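Structure data (mmCIF, C-alpha atoms) from data.cif:
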data_model
loop_
_atom_site.group_PDB
_atom_site.id
_atom_site.type_symbol
_atom_site.label_atom_id
_atom_site.label_comp_id
_atom_site.auth_asym_id
_atom_site.auth_seq_id
_atom_site.Cartn_x
_atom_site.Cartn_y
_atom_site.Cartn_z
ATOM 1 C CA ILE S 1 -17.583 -4.207 21.344
ATOM 2 C CA ASN S 2 -14.648 -4.791 23.663
ATOM 3 C CA TRP S 3 -12.208 -2.377 25.251
ATOM 4 C CA ASN S 4 -8.538 -2.855 26.037
ATOM 5 C CA HIS S 5 -6.830 -1.764 29.242
ATOM 6 C CA HIS S 6 -5.788 1.588 27.778
ATOM 7 C CA GLY S 7 -9.358 2.495 26.972
ATOM 8 C CA TYR S 8 -9.122 2.247 23.190
ATOM 9 C CA ARG S 9 -12.130 0.666 21.578
ATOM 10 C CA SER S 10 -11.455 -2.460 19.556
ATOM 11 C CA PRO S 11 -14.119 -4.865 18.300
ATOM 12 C CA LEU S 12 -11.471 -7.366 17.251
ATOM 13 C CA LEU S 13 -8.610 -7.153 19.702
ATOM 14 C CA VAL S 14 -8.923 -7.956 23.388
ATOM 15 C CA PRO S 15 -5.869 -8.222 25.679
ATOM 16 C CA PRO S 16 -5.644 -10.695 28.558
ATOM 17 C CA THR S 17 -5.641 -9.583 32.163
ATOM 18 C CA LEU S 18 -2.428 -7.725 32.985
ATOM 19 C CA VAL S 19 -0.461 -7.494 36.224
ATOM 20 C CA SER S 20 -1.034 -4.217 38.003
ATOM 21 C CA ASP S 21 1.746 -1.629 37.745
ATOM 22 C CA ALA S 22 1.483 -1.245 41.511
ATOM 23 C CA MET S 23 3.013 -4.703 41.917
ATOM 24 C CA VAL S 24 6.316 -3.478 40.428
ATOM 25 C CA CYS S 25 8.846 -2.473 43.081
ATOM 26 C CA SER S 26 9.450 1.264 42.796
ATOM 27 C CA CYS S 27 12.903 0.988 44.368
ATOM 28 C CA CYS S 28 14.246 -1.606 41.915
ATOM 29 C CA PHE S 29 17.381 -0.356 40.171
ATOM 30 C CA ASP S 30 19.000 -2.356 37.405
ATOM 31 C CA VAL S 31 22.564 -1.645 36.272
ATOM 32 C CA PRO S 32 23.048 -3.072 32.761
ATOM 33 C CA THR S 33 26.254 -4.978 32.082
ATOM 34 C CA ILE S 34 27.173 -2.630 29.245
ATOM 35 C CA THR S 35 27.202 0.318 31.681
ATOM 36 C CA MET S 36 29.600 -1.461 34.009
ATOM 37 C CA LYS S 37 31.857 -2.409 31.083
ATOM 38 C CA LEU S 38 31.967 1.155 29.762
ATOM 39 C CA ILE S 39 32.705 2.695 33.155
ATOM 40 C CA CYS S 40 35.366 0.064 33.927
ATOM 41 C CA THR S 41 36.987 0.743 30.558
ATOM 42 C CA ALA S 42 36.955 4.467 31.295
ATOM 43 C CA ALA S 43 38.619 3.866 34.679
ATOM 44 C CA ALA S 44 41.228 1.592 33.066
ATOM 45 C CA LEU S 45 42.112 4.291 30.540
ATOM 46 C CA ILE S 46 42.634 6.884 33.256
ATOM 47 C CA TYR S 47 44.707 4.492 35.340
ATOM 48 C CA GLY S 48 46.707 3.262 32.346
ATOM 49 C CA GLN S 49 48.051 6.681 31.412
ATOM 50 C CA ARG S 50 49.906 6.734 34.749
ATOM 51 C CA MET S 51 52.318 4.194 33.287
ATOM 52 C CA VAL S 52 53.818 6.815 30.966
ATOM 53 C CA PRO S 53 57.198 7.885 32.459
ATOM 54 C CA LYS S 54 57.174 11.322 34.104
ATOM 55 C CA SER S 55 60.222 12.281 32.069
ATOM 56 C CA PHE S 56 57.968 12.444 28.974
ATOM 57 C CA LYS S 57 56.231 15.531 30.287
ATOM 58 C CA TRP S 58 54.435 16.785 27.157
ATOM 59 C CA THR S 59 53.674 13.287 25.920
ATOM 60 C CA LYS S 60 52.152 12.465 29.294
ATOM 61 C CA ARG S 61 49.963 15.594 29.194
ATOM 62 C CA MET S 62 48.767 14.823 25.673
ATOM 63 C CA ILE S 63 47.973 11.203 26.535
ATOM 64 C CA PHE S 64 46.183 12.311 29.710
ATOM 65 C CA SER S 65 44.029 14.779 27.734
ATOM 66 C CA ILE S 66 43.092 12.154 25.159
ATOM 67 C CA THR S 67 42.339 9.440 27.716
ATOM 68 C CA ALA S 68 40.374 11.898 29.857
ATOM 69 C CA LEU S 69 38.148 12.802 26.894
ATOM 70 C CA MET S 70 37.680 9.150 25.949
ATOM 71 C CA SER S 71 36.930 8.212 29.557
ATOM 72 C CA PHE S 72 34.404 11.018 29.874
ATOM 73 C CA ALA S 73 32.669 9.952 26.641
ATOM 74 C CA LEU S 74 32.522 6.285 27.676
ATOM 75 C CA SER S 75 31.228 7.176 31.144
ATOM 76 C CA ALA S 76 28.607 9.509 29.668
ATOM 77 C CA VAL S 77 27.341 6.787 27.334
ATOM 78 C CA GLY S 78 27.295 4.296 30.197
ATOM 79 C CA ILE S 79 25.284 6.645 32.435
ATOM 80 C CA LEU S 80 22.874 7.448 29.585
ATOM 81 C CA LEU S 81 22.241 3.741 29.039
ATOM 82 C CA LEU S 82 21.760 3.302 32.788
ATOM 83 C CA VAL S 83 19.138 6.076 32.880
ATOM 84 C CA LEU S 84 17.303 4.769 29.824
ATOM 85 C CA ASN S 85 17.351 1.229 31.179
ATOM 86 C CA ASN S 86 15.675 2.313 34.413
ATOM 87 C CA ASN S 87 13.232 4.874 33.043
ATOM 88 C CA GLN S 88 10.832 3.133 30.697
ATOM 89 C CA ASP S 89 8.866 6.279 29.875
ATOM 90 C CA LEU S 90 12.011 8.203 28.903
ATOM 91 C CA ARG S 91 13.215 5.213 26.927
ATOM 92 C CA SER S 92 9.911 4.908 25.056
ATOM 93 C CA ARG S 93 9.668 8.633 24.402
ATOM 94 C CA SER S 94 13.268 8.853 23.164
ATOM 95 C CA PHE S 95 12.740 5.868 20.885
ATOM 96 C CA ALA S 96 9.545 7.394 19.493
ATOM 97 C CA ASN S 97 11.285 10.700 18.758
ATOM 98 C CA PHE S 98 14.187 8.936 17.048
ATOM 99 C CA CYS S 99 11.869 6.802 14.904
ATOM 100 C CA ALA S 100 9.827 9.860 13.975
ATOM 101 C CA LYS S 101 12.886 11.794 12.781
ATOM 102 C CA GLN S 102 14.160 8.818 10.803
ATOM 103 C CA GLY S 103 10.796 7.676 9.484
ATOM 104 C CA PHE S 104 9.364 10.950 8.210
ATOM 105 C CA GLN S 105 12.321 11.641 5.942
ATOM 106 C CA THR S 106 12.557 10.024 2.533
ATOM 107 C CA LYS S 107 15.438 7.546 2.566
ATOM 108 C CA PRO S 108 16.922 4.985 0.147
ATOM 109 C CA ILE S 109 15.529 2.122 2.241
ATOM 110 C CA ASP S 110 11.999 3.333 1.458
ATOM 111 C CA GLU S 111 12.365 1.952 -2.073
ATOM 112 C CA PHE S 112 12.626 -1.557 -0.618
ATOM 113 C CA ARG S 113 9.941 -0.924 2.005
ATOM 114 C CA CYS S 114 7.411 0.416 -0.473
ATOM 115 C CA SER S 115 8.164 -2.279 -3.055
ATOM 116 C CA ILE S 116 7.245 -5.105 -0.684
ATOM 117 C CA LEU S 117 4.121 -3.286 0.527
ATOM 118 C CA GLU S 118 3.063 -2.764 -3.085
ATOM 119 C CA LYS S 119 3.746 -6.408 -3.893
ATOM 120 C CA GLY S 120 1.640 -7.442 -0.906
ATOM 121 C CA ASN S 121 -1.384 -5.591 -2.304
ATOM 122 C CA VAL S 122 -2.454 -3.870 0.922
ATOM 123 C CA ALA S 123 -6.253 -3.689 0.850
ATOM 124 C CA GLY S 124 -9.380 -4.478 2.833
ATOM 125 C CA LYS S 125 -9.060 -4.925 6.590
ATOM 126 C CA VAL S 126 -5.465 -4.378 7.633
ATOM 127 C CA LEU S 127 -3.698 -5.097 10.922
ATOM 128 C CA GLU S 128 -0.220 -3.697 11.555
ATOM 129 C CA PHE S 129 1.975 -4.737 14.457
ATOM 130 C CA GLY S 130 4.264 -1.943 15.629
ATOM 131 C CA PRO S 131 3.422 0.836 13.151
ATOM 132 C CA GLY S 132 5.527 3.308 15.134
ATOM 133 C CA PRO S 133 5.052 6.860 13.830
ATOM 134 C CA GLY S 134 3.399 5.617 10.619
ATOM 135 C CA THR S 135 6.588 4.998 8.643
ATOM 136 C CA ASN S 136 4.724 2.799 6.147
ATOM 137 C CA PHE S 137 2.103 5.438 5.412
ATOM 138 C CA LYS S 138 4.382 7.188 2.950
ATOM 139 C CA CYS S 139 4.111 4.061 0.785
ATOM 140 C CA PHE S 140 0.309 4.263 0.712
ATOM 141 C CA GLN S 141 0.184 7.880 -0.422
ATOM 142 C CA ASN S 142 -0.757 8.194 -4.091
ATOM 143 C CA SER S 143 -1.134 4.419 -4.393
ATOM 144 C CA THR S 144 -4.048 2.036 -4.843
ATOM 145 C CA ALA S 145 -3.770 1.111 -1.149
ATOM 146 C CA ALA S 146 -5.010 4.564 -0.116
ATOM 147 C CA SER S 147 -8.492 3.834 -1.453
ATOM 148 C CA ALA S 148 -8.407 0.034 -1.125
ATOM 149 C CA ILE S 149 -7.917 -0.049 2.665
ATOM 150 C CA GLN S 150 -11.280 -0.322 4.412
ATOM 151 C CA GLU S 151 -10.071 -0.461 8.006
ATOM 152 C CA TYR S 152 -6.630 -0.124 9.624
ATOM 153 C CA VAL S 153 -5.886 -1.436 13.114
ATOM 154 C CA ALA S 154 -2.534 -0.386 14.601
ATOM 155 C CA VAL S 155 -1.227 -2.494 17.506
ATOM 156 C CA GLU S 156 1.428 -0.383 19.235
ATOM 157 C CA PRO S 157 2.444 -0.623 22.926
ATOM 158 C CA ASN S 158 4.370 2.667 22.877
ATOM 159 C CA ALA S 159 1.737 5.322 23.609
ATOM 160 C CA HIS S 160 4.100 8.093 22.463
ATOM 161 C CA PHE S 161 3.525 6.957 18.880
ATOM 162 C CA GLN S 162 -0.243 7.514 18.824
ATOM 163 C CA GLN S 163 -0.202 11.251 18.127
ATOM 164 C CA LEU S 164 2.644 10.856 15.631
ATOM 165 C CA LEU S 165 0.746 8.095 13.832
ATOM 166 C CA ASN S 166 -2.415 10.182 13.473
ATOM 167 C CA ALA S 167 -0.413 13.211 12.332
ATOM 168 C CA GLU S 168 1.396 11.172 9.659
ATOM 169 C CA LYS S 169 -1.904 9.763 8.381
ATOM 170 C CA LYS S 170 -3.276 13.276 8.027
ATOM 171 C CA LYS S 171 -0.076 14.513 6.387
ATOM 172 C CA ARG S 172 -0.292 11.748 3.762
ATOM 173 C CA ASN S 173 -3.974 12.517 3.049
ATOM 174 C CA LEU S 174 -5.096 8.994 3.939
ATOM 175 C CA ASP S 175 -8.771 8.815 4.818
ATOM 176 C CA PHE S 176 -9.228 5.179 5.842
ATOM 177 C CA PRO S 177 -10.450 4.532 9.430
ATOM 178 C CA LEU S 178 -7.505 4.148 11.810
ATOM 179 C CA GLU S 179 -7.785 2.459 15.201
ATOM 180 C CA PHE S 180 -4.880 2.610 17.665
ATOM 181 C CA VAL S 181 -4.697 -0.333 20.079
ATOM 182 C CA GLY S 182 -2.142 0.290 22.823
ATOM 183 C CA ILE S 183 -1.001 -3.230 23.698
ATOM 184 C CA LYS S 184 1.912 -5.541 22.889
ATOM 185 C CA GLY S 185 1.682 -7.829 19.905
ATOM 186 C CA GLU S 186 1.942 -10.830 22.241
ATOM 187 C CA ASP S 187 -1.067 -9.643 24.243
ATOM 188 C CA VAL S 188 -3.449 -9.482 21.301
ATOM 189 C CA ASP S 189 -6.410 -11.831 21.555
ATOM 190 C CA ILE S 190 -8.166 -12.175 18.211
ATOM 191 C CA SER S 191 -11.847 -12.377 19.084
ATOM 192 C CA GLU S 192 -12.816 -13.000 15.445
ATOM 193 C CA GLU S 193 -10.191 -15.295 13.942
ATOM 194 C CA GLY S 194 -9.587 -14.993 10.220
ATOM 195 C CA SER S 195 -10.970 -11.456 10.048
ATOM 196 C CA PHE S 196 -8.088 -9.578 8.374
ATOM 197 C CA ASP S 197 -7.021 -9.500 4.736
ATOM 198 C CA VAL S 198 -3.499 -8.218 5.378
ATOM 199 C CA VAL S 199 -1.153 -8.178 8.380
ATOM 200 C CA ILE S 200 1.996 -6.032 8.330
ATOM 201 C CA ALA S 201 5.140 -6.148 10.483
ATOM 202 C CA THR S 202 8.083 -3.938 9.545
ATOM 203 C CA HIS S 203 11.060 -3.673 11.917
ATOM 204 C CA VAL S 204 8.952 -5.229 14.666
ATOM 205 C CA LEU S 205 9.838 -8.888 15.231
ATOM 206 C CA CYS S 206 13.314 -7.901 16.437
ATOM 207 C CA SER S 207 11.936 -6.059 19.454
ATOM 208 C CA VAL S 208 8.990 -8.143 20.643
ATOM 209 C CA GLU S 209 9.467 -10.428 23.626
ATOM 210 C CA SER S 210 8.285 -13.488 21.706
ATOM 211 C CA PRO S 211 8.207 -13.373 17.900
ATOM 212 C CA GLU S 212 6.655 -16.852 17.933
ATOM 213 C CA VAL S 213 3.612 -15.604 19.872
ATOM 214 C CA VAL S 214 3.241 -12.565 17.598
ATOM 215 C CA LEU S 215 3.420 -14.789 14.508
ATOM 216 C CA ALA S 216 0.799 -17.091 16.047
ATOM 217 C CA ASN S 217 -1.431 -14.026 16.366
ATOM 218 C CA VAL S 218 -0.694 -13.182 12.721
ATOM 219 C CA ASP S 219 -1.874 -16.674 11.786
ATOM 220 C CA ARG S 220 -5.072 -16.312 13.803
ATOM 221 C CA ALA S 221 -5.816 -12.851 12.413
ATOM 222 C CA LEU S 222 -5.503 -13.685 8.710
ATOM 223 C CA LYS S 223 -8.207 -15.071 6.493
ATOM 224 C CA PRO S 224 -7.356 -18.063 4.294
ATOM 225 C CA GLY S 225 -5.572 -16.502 1.334
ATOM 226 C CA GLY S 226 -4.630 -13.501 3.471
ATOM 227 C CA THR S 227 -1.206 -11.896 3.232
ATOM 228 C CA PHE S 228 1.462 -11.300 5.850
ATOM 229 C CA ILE S 229 4.010 -8.675 4.802
ATOM 230 C CA PHE S 230 7.306 -8.546 6.711
ATOM 231 C CA PHE S 231 10.381 -6.332 6.520
ATOM 232 C CA GLU S 232 13.009 -6.955 9.201
ATOM 233 C CA HIS S 233 16.677 -6.489 9.995
ATOM 234 C CA VAL S 234 18.324 -9.793 10.921
ATOM 235 C CA ILE S 235 21.453 -11.306 12.368
ATOM 236 C CA ALA S 236 24.443 -11.528 10.012
ATOM 237 C CA GLU S 237 26.148 -14.714 8.874
ATOM 238 C CA PRO S 238 28.448 -16.328 11.489
ATOM 239 C CA GLN S 239 32.171 -15.549 11.455
ATOM 240 C CA THR S 240 31.742 -12.318 9.482
ATOM 241 C CA ASN S 241 32.847 -8.797 10.366
ATOM 242 C CA MET S 242 29.208 -7.732 10.371
ATOM 243 C CA ARG S 243 28.372 -10.428 12.927
ATOM 244 C CA TYR S 244 31.198 -9.244 15.185
ATOM 245 C CA LEU S 245 29.945 -5.665 14.874
ATOM 246 C CA GLN S 246 26.415 -6.767 15.740
ATOM 247 C CA ASN S 247 27.677 -8.631 18.807
ATOM 248 C CA LEU S 248 29.477 -5.455 19.894
ATOM 249 C CA MET S 249 26.431 -3.227 19.414
ATOM 250 C CA ALA S 250 23.775 -5.661 20.679
ATOM 251 C CA PRO S 251 23.745 -4.538 24.368
ATOM 252 C CA ILE S 252 23.440 -0.883 23.364
ATOM 253 C CA LEU S 253 20.806 -1.550 20.708
ATOM 254 C CA TYR S 254 18.722 -3.527 23.194
ATOM 255 C CA ILE S 255 18.426 -0.483 25.453
ATOM 256 C CA VAL S 256 18.139 2.408 22.988
ATOM 257 C CA GLY S 257 16.129 0.300 20.526
ATOM 258 C CA ASN S 258 13.464 -0.571 23.085
ATOM 259 C CA GLY S 259 14.354 -4.249 23.300
ATOM 260 C CA CYS S 260 15.617 -4.692 19.729
ATOM 261 C CA ARG S 261 17.743 -7.822 19.110
ATOM 262 C CA PHE S 262 19.476 -9.560 16.225
ATOM 263 C CA LEU S 263 17.489 -12.697 15.365
ATOM 264 C CA GLU S 264 17.406 -15.475 12.781
ATOM 265 C CA THR S 265 14.026 -14.167 11.716
ATOM 266 C CA GLU S 266 13.658 -16.233 8.544
ATOM 267 C CA LYS S 267 14.169 -19.471 10.485
ATOM 268 C CA ILE S 268 11.613 -18.338 13.065
ATOM 269 C CA LEU S 269 9.101 -17.525 10.314
ATOM 270 C CA ARG S 270 9.499 -20.835 8.521
ATOM 271 C CA ARG S 271 9.375 -22.834 11.751
ATOM 272 C CA GLN S 272 6.292 -21.017 13.044
ATOM 273 C CA PHE S 273 4.293 -21.031 9.812
ATOM 274 C CA ALA S 274 5.481 -24.473 8.642
ATOM 275 C CA ASP S 275 3.129 -25.771 5.932
ATOM 276 C CA ARG S 276 0.284 -23.334 6.687
ATOM 277 C CA PHE S 277 1.794 -20.505 4.613
ATOM 278 C CA GLU S 278 3.494 -20.074 1.266
ATOM 279 C CA ILE S 279 6.557 -17.971 2.171
ATOM 280 C CA ASP S 280 8.625 -15.855 -0.212
ATOM 281 C CA VAL S 281 11.730 -14.314 1.419
ATOM 282 C CA THR S 282 14.268 -11.921 -0.116
ATOM 283 C CA PRO S 283 17.480 -11.226 1.823
ATOM 284 C CA PHE S 284 19.237 -7.934 1.085
ATOM 285 C CA TYR S 285 21.603 -5.351 2.502
ATOM 286 C CA ALA S 286 19.602 -2.253 3.379
ATOM 287 C CA PRO S 287 20.928 1.209 2.491
ATOM 288 C CA VAL S 288 20.985 2.703 5.990
ATOM 289 C CA PRO S 289 22.925 5.635 7.518
ATOM 290 C CA SER S 290 26.555 4.837 8.381
ATOM 291 C CA PHE S 291 25.889 4.981 12.132
ATOM 292 C CA LEU S 292 23.388 2.134 11.649
ATOM 293 C CA THR S 293 25.693 -0.059 9.549
ATOM 294 C CA PHE S 294 25.168 -2.990 11.917
ATOM 295 C CA ILE S 295 21.498 -3.338 10.850
ATOM 296 C CA LYS S 296 22.236 -3.609 7.137
ATOM 297 C CA PRO S 297 21.393 -7.346 6.891
ATOM 298 C CA HIS S 298 17.665 -7.472 6.135
ATOM 299 C CA ILE S 299 14.973 -9.742 4.846
ATOM 300 C CA MET S 300 11.643 -8.806 3.288
ATOM 301 C CA GLY S 301 8.878 -10.921 1.967
ATOM 302 C CA ILE S 302 5.324 -12.132 1.816
ATOM 303 C CA ALA S 303 3.632 -15.118 3.433
ATOM 304 C CA ILE S 304 0.247 -16.167 2.063
ATOM 305 C CA LYS S 305 -1.986 -18.243 4.306
ATOM 306 C CA ASN S 306 -3.225 -21.501 2.801
#
Take the structure in the file and write it out as structure tokens.
Amino acid sequence: INWNHHGYRSPLLVPPTLVSDAMVCSCCFDVPTITMKLICTAAALIYGQRMVPKSFKWTKRMIFSITALMSFALSAVGILLLVLNNNQDLRSRSFANFCAKQGFQTKPIDEFRCSILEKGNVAGKVLEFGPGPGTNFKCFQNSTAASAIQEYVAVEPNAHFQQLLNAEKKKRNLDFPLEFVGIKGEDVDISEEGSFDVVIATHVLCSVESPEVVLANVDRALKPGGTFIFFEHVIAEPQTNMRYLQNLMAPILYIVGNGCRFLETEKILRRQFADRFEIDVTPFYAPVPSFLTFIKPHIMGIAIKN
């Protein structure tokens, strides 16, 4: 039995040697481009209102009030992004809390999520990359998966999710063994290749450093005939309003979404799996809250290993 660097026992997953945290410069301070753009825009708004003629006294006051509020809001967002960008623990904790609030509530998107998990026939030994607070567990409750799962290994680098994950499992009355492995999906070393029946990744490939490496680990983990279930938001078609909106939101999403990006995930999947998997992909527009409109383009599907 092997142990990972966080001390969680895992007979199947062993991470490589990691660089010591002590080697990271404690005085490093990174100012994201989006922060500079927001603060510069705020300054431009304040300066621009000076161009209103003084003779328009009340108009000038009204414009000053509006621009001052807008400048304050832009500066506040810029500073928040700066703080999150330079405080990884705060960033991880905030992301975990947000995912927990969104994931525990029943939402229209769950119909799509649960349908693909049901189609994938989750059973036997299961490995999930990035389970977060256990958002998928609601789909296992009162289903055949609840009794069919023999072992569940959760690979999640954000330690703030561990307690939430265990609490959600208990809430859903799921009694299968759950093992939390606190490492990145890229750092997983499958000591027993072909040992899992099902691998799951939902809203994960967008935020990993290398989706190709994670998918290679998926390949190594699955038995022949094993199933990979994926459910991801993706980049929109070029020259569309949605694509422009995604380009606008991308720098903010990267920070608040813990590294989340807009990717051509289907192309990555097909290129990585090539002729080793039978891939079935369904593109769709996800029913998400209005403030998350830019992540509507989604794909979901199943890849069966030959």
Applying the PyMOL selection byres ((chain S and resi 217) around 8) to the file I just gave you, which residues come out? Please list them as a PDB file with C-alpha atoms, keeping the file's coordinate frame.
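The file below, part.pdb, is the result:
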ATOM      1  CA  GLY S 185       1.682  -7.829  19.905  1.00  0.00           C
ATOM      2  CA  GLU S 186       1.942 -10.830  22.241  1.00  0.00           C
ATOM      3  CA  VAL S 188      -3.449  -9.482  21.301  1.00  0.00           C
ATOM      4  CA  ASP S 189      -6.410 -11.831  21.555  1.00  0.00           C
ATOM      5  CA  ILE S 190      -8.166 -12.175  18.211  1.00  0.00           C
ATOM      6  CA  VAL S 213       3.612 -15.604  19.872  1.00  0.00           C
ATOM      7  CA  VAL S 214       3.241 -12.565  17.598  1.00  0.00           C
ATOM      8  CA  LEU S 215       3.420 -14.789  14.508  1.00  0.00           C
ATOM      9  CA  ALA S 216       0.799 -17.091  16.047  1.00  0.00           C
ATOM     10  CA  VAL S 218      -0.694 -13.182  12.721  1.00  0.00           C
ATOM     11  CA  ASP S 219      -1.874 -16.674  11.786  1.00  0.00           C
ATOM     12  CA  ARG S 220      -5.072 -16.312  13.803  1.00  0.00           C
ATOM     13  CA  ALA S 221      -5.816 -12.851  12.413  1.00  0.00           C
TER      14      ALA S 221
END
Using only C-alpha atoms, give me every residue within 12 Å of (5.4, -3.7, -4.9) in file coordinates, as a ChimeraX atom specification. /S:110-122,139-140,143-145,229,300-302
If the box runs along x, y and z of the file and leaves 6 Å on each side of range 291-305 of chain S, what are its centre and edge lengths in Å, one decimal, as AutoDock Vina command-line options?
--center_x 12.0 --center_y -6.6 --center_z 7.0 --size_x 39.9 --size_y 35.2 --size_z 22.3
So that each row is one residue of range 166-243 of chain S with an atom at most 9 Å from range 130-133 of chain S, can you give its shortest atom pair and the distance in Å to one decimal, using only C-alpha atoms, rows by chain and rising number, as CSV?
residue,atom,partner,partner_atom,distance
S:Asn166,CA,S:Pro133,CA,8.2
S:Ala167,CA,S:Pro133,CA,8.5
S:Glu168,CA,S:Pro133,CA,7.0
S:Lys184,CA,S:Gly130,CA,8.4
S:Gly185,CA,S:Gly130,CA,7.7
S:Ile200,CA,S:Pro131,CA,8.5
S:Ala201,CA,S:Gly130,CA,6.7
S:Thr202,CA,S:Gly130,CA,7.5
S:His203,CA,S:Gly130,CA,7.9
S:Val204,CA,S:Gly130,CA,5.8
S:Leu205,CA,S:Gly130,CA,8.9
Contacts of range 246-257 of chain S within 8 Å, only C-alpha atoms, excl. fewer than 2 positions in-chain, as a JSON list (two decimals) with C-alpha atoms, keeping the file's coordinate frame:
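Generated file (result-v3.json):
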[["chain", "number", "residue", "atom", "x", "y", "z"],
["S", 34, "ILE", "CA", 27.17, -2.63, 29.24],
["S", 81, "LEU", "CA", 22.24, 3.74, 29.04],
["S", 84, "LEU", "CA", 17.30, 4.77, 29.82],
["S", 85, "ASN", "CA", 17.35, 1.23, 31.18],
["S", 91, "ARG", "CA", 13.22, 5.21, 26.93],
["S", 95, "PHE", "CA", 12.74, 5.87, 20.88],
["S", 207, "SER", "CA", 11.94, -6.06, 19.45],
["S", 235, "ILE", "CA", 21.45, -11.31, 12.37],
["S", 236, "ALA", "CA", 24.44, -11.53, 10.01],
["S", 242, "MET", "CA", 29.21, -7.73, 10.37],
["S", 243, "ARG", "CA", 28.37, -10.43, 12.93],
["S", 244, "TYR", "CA", 31.20, -9.24, 15.18],
["S", 259, "GLY", "CA", 14.35, -4.25, 23.30],
["S", 260, "CYS", "CA", 15.62, -4.69, 19.73],
["S", 261, "ARG", "CA", 17.74, -7.82, 19.11],
["S", 262, "PHE", "CA", 19.48, -9.56, 16.23],
["S", 294, "PHE", "CA", 25.17, -2.99, 11.92],
["S", 295, "ILE", "CA", 21.50, -3.34, 10.85]]
Given all atoms listed in the file as the basis, pick out the residue of S:Thr135, S:Gln105, S:Thr265, S:Asn306 nearest to Gly194 in chain S.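 Among the listed residues, the smallest separation from Gly194 in chain S belongs to S:Asn306.
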Measuring atom to atom with all atoms listed in the file, identify which of S:Ala100, S:Val31, S:Ala146, S:Ile63 is nearest to Asn87 in chain S.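 Using all atoms listed in the file, Asn87 in chain S sits closest to S:Val31.
Interatomic distance, CA of Ser210 in chain S to CA of Arg270 in chain S: 15.1 Å.
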Could you list, as a VMD selection string, every residue within 7 Å of Pro32 in chain S, counting all atoms listed in the file and ignoring same-chain residues fewer than 3 positions away? chain S and resid 35 to 36 82
Can you spell out as a PyMOL selection string the set of residues that the PyMOL selection byres ((chain S and resi 278) around 9) selects in the structure I just provided? chain S and resi 273-277+279-280+302-306
For CA of Phe291 in chain S and CA of Ile39 in chain S, quote the distance in Å rounded to one decimal.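 Between CA of Phe291 in chain S and CA of Ile39 in chain S the gap works out to 22.2 Å.
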Would you write out, as a PDB file with C-alpha atoms, keeping the file's coordinate frame, every residue that the PyMOL selection byres ((chain S and resi 223) around 8) captures in this file?
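The resulting file, expr_22.pdb, is shown below:
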ATOM      1  CA  GLU S 193     -10.191 -15.295  13.942  1.00  0.00           C
ATOM      2  CA  GLY S 194      -9.587 -14.993  10.220  1.00  0.00           C
ATOM      3  CA  SER S 195     -10.970 -11.456  10.048  1.00  0.00           C
ATOM      4  CA  PHE S 196      -8.088  -9.578   8.374  1.00  0.00           C
ATOM      5  CA  ASP S 197      -7.021  -9.500   4.736  1.00  0.00           C
ATOM      6  CA  ALA S 221      -5.816 -12.851  12.413  1.00  0.00           C
ATOM      7  CA  LEU S 222      -5.503 -13.685   8.710  1.00  0.00           C
ATOM      8  CA  PRO S 224      -7.356 -18.063   4.294  1.00  0.00           C
ATOM      9  CA  GLY S 225      -5.572 -16.502   1.334  1.00  0.00           C
ATOM     10  CA  GLY S 226      -4.630 -13.501   3.471  1.00  0.00           C
ATOM     11  CA  LYS S 305      -1.986 -18.243   4.306  1.00  0.00           C
TER      12      LYS S 305
END
Quote the spacing between CA of Pro289 in chain S and CA of Leu263 in chain S in Å to one decimal place. 20.7 Å
